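**Q** Structure provided below as structure tokens; questions to follow.
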Amino acid sequence: MPPFSVLDLSPIGEGMDAAQAFRNTVELAQAAEALGYRRFWLAEHHNMTGVGSAATAVLIGHVAGGTARIRVGAGGIMLPNHAPLVVAEQFGTLAALFPGRIDLGLGRAPGTDMPTVRALRRHLDGGEESFPRDVVELQSYFRPARPDQQVQAVPGAGLEVPIWLLGSSLYGARLAAHLGLPFAFAAHFAPRWLMQALDEYRSNFRPSPALERPFAMVAVNAVAADSDEEAQFLFTSMRHLFARLARGERGPLAAPDPDESGWTASERAFVDETVAYSLVGSAETIQRDMSTVAEKTGADEIMLSGHIFDHAARKRSFEIIAEAWHLVPQ
């Protein structure tokens, strides 16, 4: 089996504030490190009352400071929201503070709605259309500075922070292949193009100074518990989260609720399609389904997202998975 990693959004549940969400995130990262997970990534989202990881670089520093060995990174930074130099300085700072432990995953989407995009960027010039150019510019800031270089990332220059490209469509796969970068596909919320994107990436990959051969990570949802029934119950929080998104609603992560009687047929279809790559069940069930995903995708690494309302149950879920696969701390 490939290595396993963790994707966290610092979920803010009903009755919880951001400070508690951040404490939970650090505790989960510490548990992931002790259990043998390879990476702990945080994702940039904005104007979402159930997600606490908006200031992603700040939170990465907090998590890295609370752990000792596990790689900590962004899954990802939504580059159109930021100037490449600012991202280089932020992650150069993180790499200087935590040498050899920082990853920088880059996404092309805004991670929010259009009114919030306007608030983030103040104008919409460039944006997603300039993404390839911005990635290349960002890469240049992490290389050793040239004597005649007018603009440098300080810190950042010469630190060679590992850059990943993230995607939920074919675009990211093609760009990652063209630039010779590792690629992570977001099957945990956009599974439709997974297999085609992996094929595009592997078929068109060009070796680069960053990577000699393609390296593909696949992100899936994973909810494990002591029984299949308990896991399915815990998973209802995530199903209701996506049902609210289908209705254009926001809110904190809700407590588990198996009642879906108020959903429309289109909402149910949206949720079922969105969570198609979700591994839910006991250790035995998760082990079987994980093997299927690994064999089908040929993933070099699998990243697990576990949006579970109860923090203790969330930690227990990652513990069950680690025990099932006999993960060993680095």
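So you can find residues: chains in the structure tokens are A, B, ... in the order shown, residues in each start at 1, and ligands are numbered from 1 in order.
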To test your reading of the structure, identify every residue in region 159-214 of chain A that backbone DSSP assigns to alpha helix (DSSP H), and report it as a PyMOL selection string.
**A** chain A and resi 170-179+194-204
**Q** Excluding Ala54 (chain A) and residues on its chain fewer than 3 positions from it, collect all residues at most 6 Å away from it, counting only C-alpha atoms, and give them as a list of chain:residue names.
**A**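 Final neighbour list, sorted by chain and number: A:Glu44, A:His45, A:His46.
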**Q** Considering only strand (DSSP E) as DSSP defines it on the backbone, what residues of region 140-219 of chain A qualify? List them as a list of chain:residue names.
**A**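 Residues meeting the strand (DSSP E) criterion: A:Ile163, A:Trp164, A:Leu165, A:Leu166, A:Gly167, A:Phe183, A:Ala184, A:Phe185, A:Ala216, A:Met217, A:Val218, A:Ala219.
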**Q** Extract, using only C-alpha atoms, all DNA, RNA and protein residues at most 8 Å from Arg239 (chain A), discarding same-chain residues fewer than 3 positions from it, and format them as a ChimeraX atom specification.
**A** /A:235-236,242-243,271,275
**Q** Next, dump the selected residues to file, keeping only N, CA, C and O atoms, as a compact mmCIF listing (two decimals), in the first residue's frame.
**A**
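selection38.txt, freshly written:
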```
# COMPACT_ATOMS: atom_id res chain seq x y z
N PHE A 235 -20.66 9.58 9.29
CA PHE A 235 -20.52 10.11 7.93
C PHE A 235 -21.69 11.01 7.54
O PHE A 235 -21.57 11.81 6.62
N THR A 236 -22.81 10.92 8.25
CA THR A 236 -23.97 11.75 7.89
C THR A 236 -23.67 13.24 8.05
O THR A 236 -24.28 14.07 7.36
N PHE A 242 -22.55 18.61 2.36
CA PHE A 242 -22.64 18.75 0.91
C PHE A 242 -24.07 19.04 0.46
O PHE A 242 -24.28 19.73 -0.54
N ALA A 243 -25.06 18.53 1.18
CA ALA A 243 -26.44 18.85 0.84
C ALA A 243 -26.72 20.34 1.02
O ALA A 243 -27.40 20.97 0.19
N VAL A 271 -25.03 14.92 -3.68
CA VAL A 271 -24.26 14.40 -2.56
C VAL A 271 -23.66 13.04 -2.91
O VAL A 271 -22.47 12.79 -2.68
N VAL A 275 -19.53 12.44 -2.94
CA VAL A 275 -18.85 11.59 -1.95
C VAL A 275 -18.61 10.18 -2.49
O VAL A 275 -18.41 9.24 -1.71
```
**Q** Please report as CSV every residue of region 300-322 of chain A lying within 12 Å of region 14-18 of chain A, along with the nearest atom pair and their distance in Å (one decimal), using only C-alpha atoms.
**A**
```
residue,atom,partner,partner_atom,distance
A:Ile308,CA,A:Glu14,CA,11.8
A:Phe309,CA,A:Glu14,CA,8.4
A:Asp310,CA,A:Glu14,CA,10.2
A:His311,CA,A:Met16,CA,11.0
```
**Q** Write a file of the selected residues as a PDB file, in the first residue's frame, keeping all heavy atoms.
**A**
```
ATOM      1  N   ILE A 308     -15.497  14.809  10.567  1.00  0.00           N
ATOM      2  CA  ILE A 308     -16.298  14.139  11.591  1.00  0.00           C
ATOM      3  C   ILE A 308     -16.592  15.145  12.691  1.00  0.00           C
ATOM      4  O   ILE A 308     -15.696  15.845  13.162  1.00  0.00           O
ATOM      5  CB  ILE A 308     -15.554  12.910  12.149  1.00  0.00           C
ATOM      6  CG1 ILE A 308     -15.298  11.901  11.021  1.00  0.00           C
ATOM      7  CG2 ILE A 308     -16.339  12.263  13.276  1.00  0.00           C
ATOM      8  CD1 ILE A 308     -14.434  10.727  11.434  1.00  0.00           C
ATOM      9  N   PHE A 309     -17.846  15.230  13.115  1.00  0.00           N
ATOM     10  CA  PHE A 309     -18.271  16.254  14.062  1.00  0.00           C
ATOM     11  C   PHE A 309     -17.576  16.107  15.411  1.00  0.00           C
ATOM     12  O   PHE A 309     -17.048  17.078  15.961  1.00  0.00           O
ATOM     13  CB  PHE A 309     -19.791  16.180  14.249  1.00  0.00           C
ATOM     14  CG  PHE A 309     -20.321  17.137  15.284  1.00  0.00           C
ATOM     15  CD1 PHE A 309     -20.472  18.480  14.990  1.00  0.00           C
ATOM     16  CD2 PHE A 309     -20.656  16.691  16.553  1.00  0.00           C
ATOM     17  CE1 PHE A 309     -20.963  19.373  15.936  1.00  0.00           C
ATOM     18  CE2 PHE A 309     -21.143  17.567  17.511  1.00  0.00           C
ATOM     19  CZ  PHE A 309     -21.300  18.912  17.203  1.00  0.00           C
ATOM     20  N   ASP A 310     -17.550  14.917  15.969  1.00  0.00           N
ATOM     21  CA  ASP A 310     -16.970  14.697  17.282  1.00  0.00           C
ATOM     22  C   ASP A 310     -15.454  14.534  17.163  1.00  0.00           C
ATOM     23  O   ASP A 310     -14.970  13.664  16.434  1.00  0.00           O
ATOM     24  CB  ASP A 310     -17.584  13.447  17.920  1.00  0.00           C
ATOM     25  CG  ASP A 310     -17.023  13.174  19.301  1.00  0.00           C
ATOM     26  OD1 ASP A 310     -17.410  13.878  20.249  1.00  0.00           O
ATOM     27  OD2 ASP A 310     -16.171  12.267  19.424  1.00  0.00           O
ATOM     28  N   HIS A 311     -14.699  15.365  17.882  1.00  0.00           N
ATOM     29  CA  HIS A 311     -13.243  15.355  17.740  1.00  0.00           C
ATOM     30  C   HIS A 311     -12.635  14.020  18.163  1.00  0.00           C
ATOM     31  O   HIS A 311     -11.718  13.502  17.511  1.00  0.00           O
ATOM     32  CB  HIS A 311     -12.643  16.495  18.555  1.00  0.00           C
ATOM     33  CG  HIS A 311     -11.155  16.557  18.504  1.00  0.00           C
ATOM     34  ND1 HIS A 311     -10.443  16.627  17.317  1.00  0.00           N
ATOM     35  CD2 HIS A 311     -10.214  16.548  19.509  1.00  0.00           C
ATOM     36  CE1 HIS A 311      -9.148  16.661  17.572  1.00  0.00           C
ATOM     37  NE2 HIS A 311      -8.982  16.611  18.884  1.00  0.00           N
TER      38      HIS A 311
END
```
**Q** Near region 322-326 of chain A, within 9 Å and counting only C-alpha atoms, which residues show up once chain neighbours fewer than 4 positions away are dropped, as an MDAnalysis selection string?
**A** chainID A and resid 1 4 32 35:37 283:284 286:287 317:318
**Q** Just the residues within 7 Å of region 140-157 of chain A, please, counting only C-alpha atoms, with nothing from its chain fewer than 6 positions along; format it as a compact mmCIF listing (two decimals) with all heavy atoms, in the first residue's frame.
**A**
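Now in around_5.txt:
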```txt
# COMPACT_ATOMS: atom_id res chain seq x y z
N LEU A 85 5.09 36.35 -4.95
CA LEU A 85 6.16 36.75 -4.04
C LEU A 85 5.72 36.62 -2.58
O LEU A 85 6.50 36.17 -1.73
CB LEU A 85 6.61 38.18 -4.32
CG LEU A 85 7.70 38.73 -3.39
CD1 LEU A 85 8.98 37.89 -3.46
CD2 LEU A 85 8.00 40.20 -3.70
N ALA A 88 5.80 33.03 -1.66
CA ALA A 88 7.19 32.59 -1.51
C ALA A 88 7.77 33.05 -0.18
O ALA A 88 8.48 32.29 0.50
CB ALA A 88 8.03 33.13 -2.67
N GLU A 89 7.48 34.26 0.23
CA GLU A 89 7.98 34.76 1.51
C GLU A 89 7.36 34.00 2.68
O GLU A 89 8.04 33.65 3.65
CB GLU A 89 7.70 36.25 1.63
CG GLU A 89 8.53 37.11 0.68
CD GLU A 89 8.06 38.55 0.65
OE1 GLU A 89 6.91 38.83 1.04
OE2 GLU A 89 8.85 39.40 0.23
N GLY A 92 8.75 30.45 2.47
CA GLY A 92 10.17 30.53 2.78
C GLY A 92 10.39 30.69 4.27
O GLY A 92 11.30 30.08 4.86
N THR A 93 9.56 31.49 4.91
CA THR A 93 9.63 31.65 6.36
C THR A 93 9.35 30.33 7.06
O THR A 93 10.07 29.92 7.99
CB THR A 93 8.63 32.72 6.83
OG1 THR A 93 8.96 33.97 6.22
CG2 THR A 93 8.66 32.88 8.35
```
**Q** Might you pull out every residue within 10 Å of Val293 (chain A), with only C-alpha atoms counted and same-chain residues fewer than 5 positions away left off, and present them as a PyMOL selection string?
**A** chain A and resi 218+220+277-279+288+298-299+302
**Q** Can you list, as a CSV table (one decimal) with N, CA, C and O atoms, in the first residue's frame, every protein, DNA or RNA residue that comes within 9 Å of Arg213 (chain A) when you count only C-alpha atoms, leaving out same-chain residues fewer than 5 positions away?
**A**
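Wrote around-v2.csv, looks like this:
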```csv
chain,number,residue,atom,x,y,z
A,180,GLY,N,6.4,19.1,-14.7
A,180,GLY,CA,7.2,18.0,-14.0
A,180,GLY,C,7.1,18.1,-12.5
A,180,GLY,O,8.0,18.0,-11.8
A,181,LEU,N,5.8,18.4,-12.0
A,181,LEU,CA,5.6,18.5,-10.6
A,181,LEU,C,4.7,17.4,-10.1
A,181,LEU,O,3.9,16.8,-10.8
A,182,PRO,N,4.8,17.1,-8.8
A,182,PRO,CA,3.8,16.1,-8.2
A,182,PRO,C,2.4,16.6,-8.3
A,182,PRO,O,2.2,17.9,-8.2
A,202,ARG,N,0.1,11.1,-16.1
A,202,ARG,CA,1.1,10.1,-16.3
A,202,ARG,C,1.6,10.0,-17.7
A,202,ARG,O,2.8,9.8,-18.0
A,205,PHE,N,3.7,13.4,-18.6
A,205,PHE,CA,4.7,13.9,-17.7
A,205,PHE,C,6.0,14.1,-18.3
A,205,PHE,O,6.6,13.3,-19.1
A,206,ARG,N,6.6,15.3,-18.0
A,206,ARG,CA,8.0,15.6,-18.4
A,206,ARG,C,8.9,15.7,-17.2
A,206,ARG,O,8.6,16.5,-16.3
A,207,PRO,N,9.9,14.9,-17.2
A,207,PRO,CA,10.9,15.0,-16.1
A,207,PRO,C,11.4,16.4,-15.9
A,207,PRO,O,11.6,17.2,-16.9
A,208,SER,N,11.6,16.8,-14.7
A,208,SER,CA,12.1,18.2,-14.3
A,208,SER,C,13.1,18.1,-13.2
A,208,SER,O,13.3,17.0,-12.6
```
**Q** Mind giving me the straight-line distance from CA of Ser227 (chain A) to CA of Ile321 (chain A) in Å, one decimal?
**A**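 Between CA of Ser227 (chain A) and CA of Ile321 (chain A) the gap is 12.8 Å.
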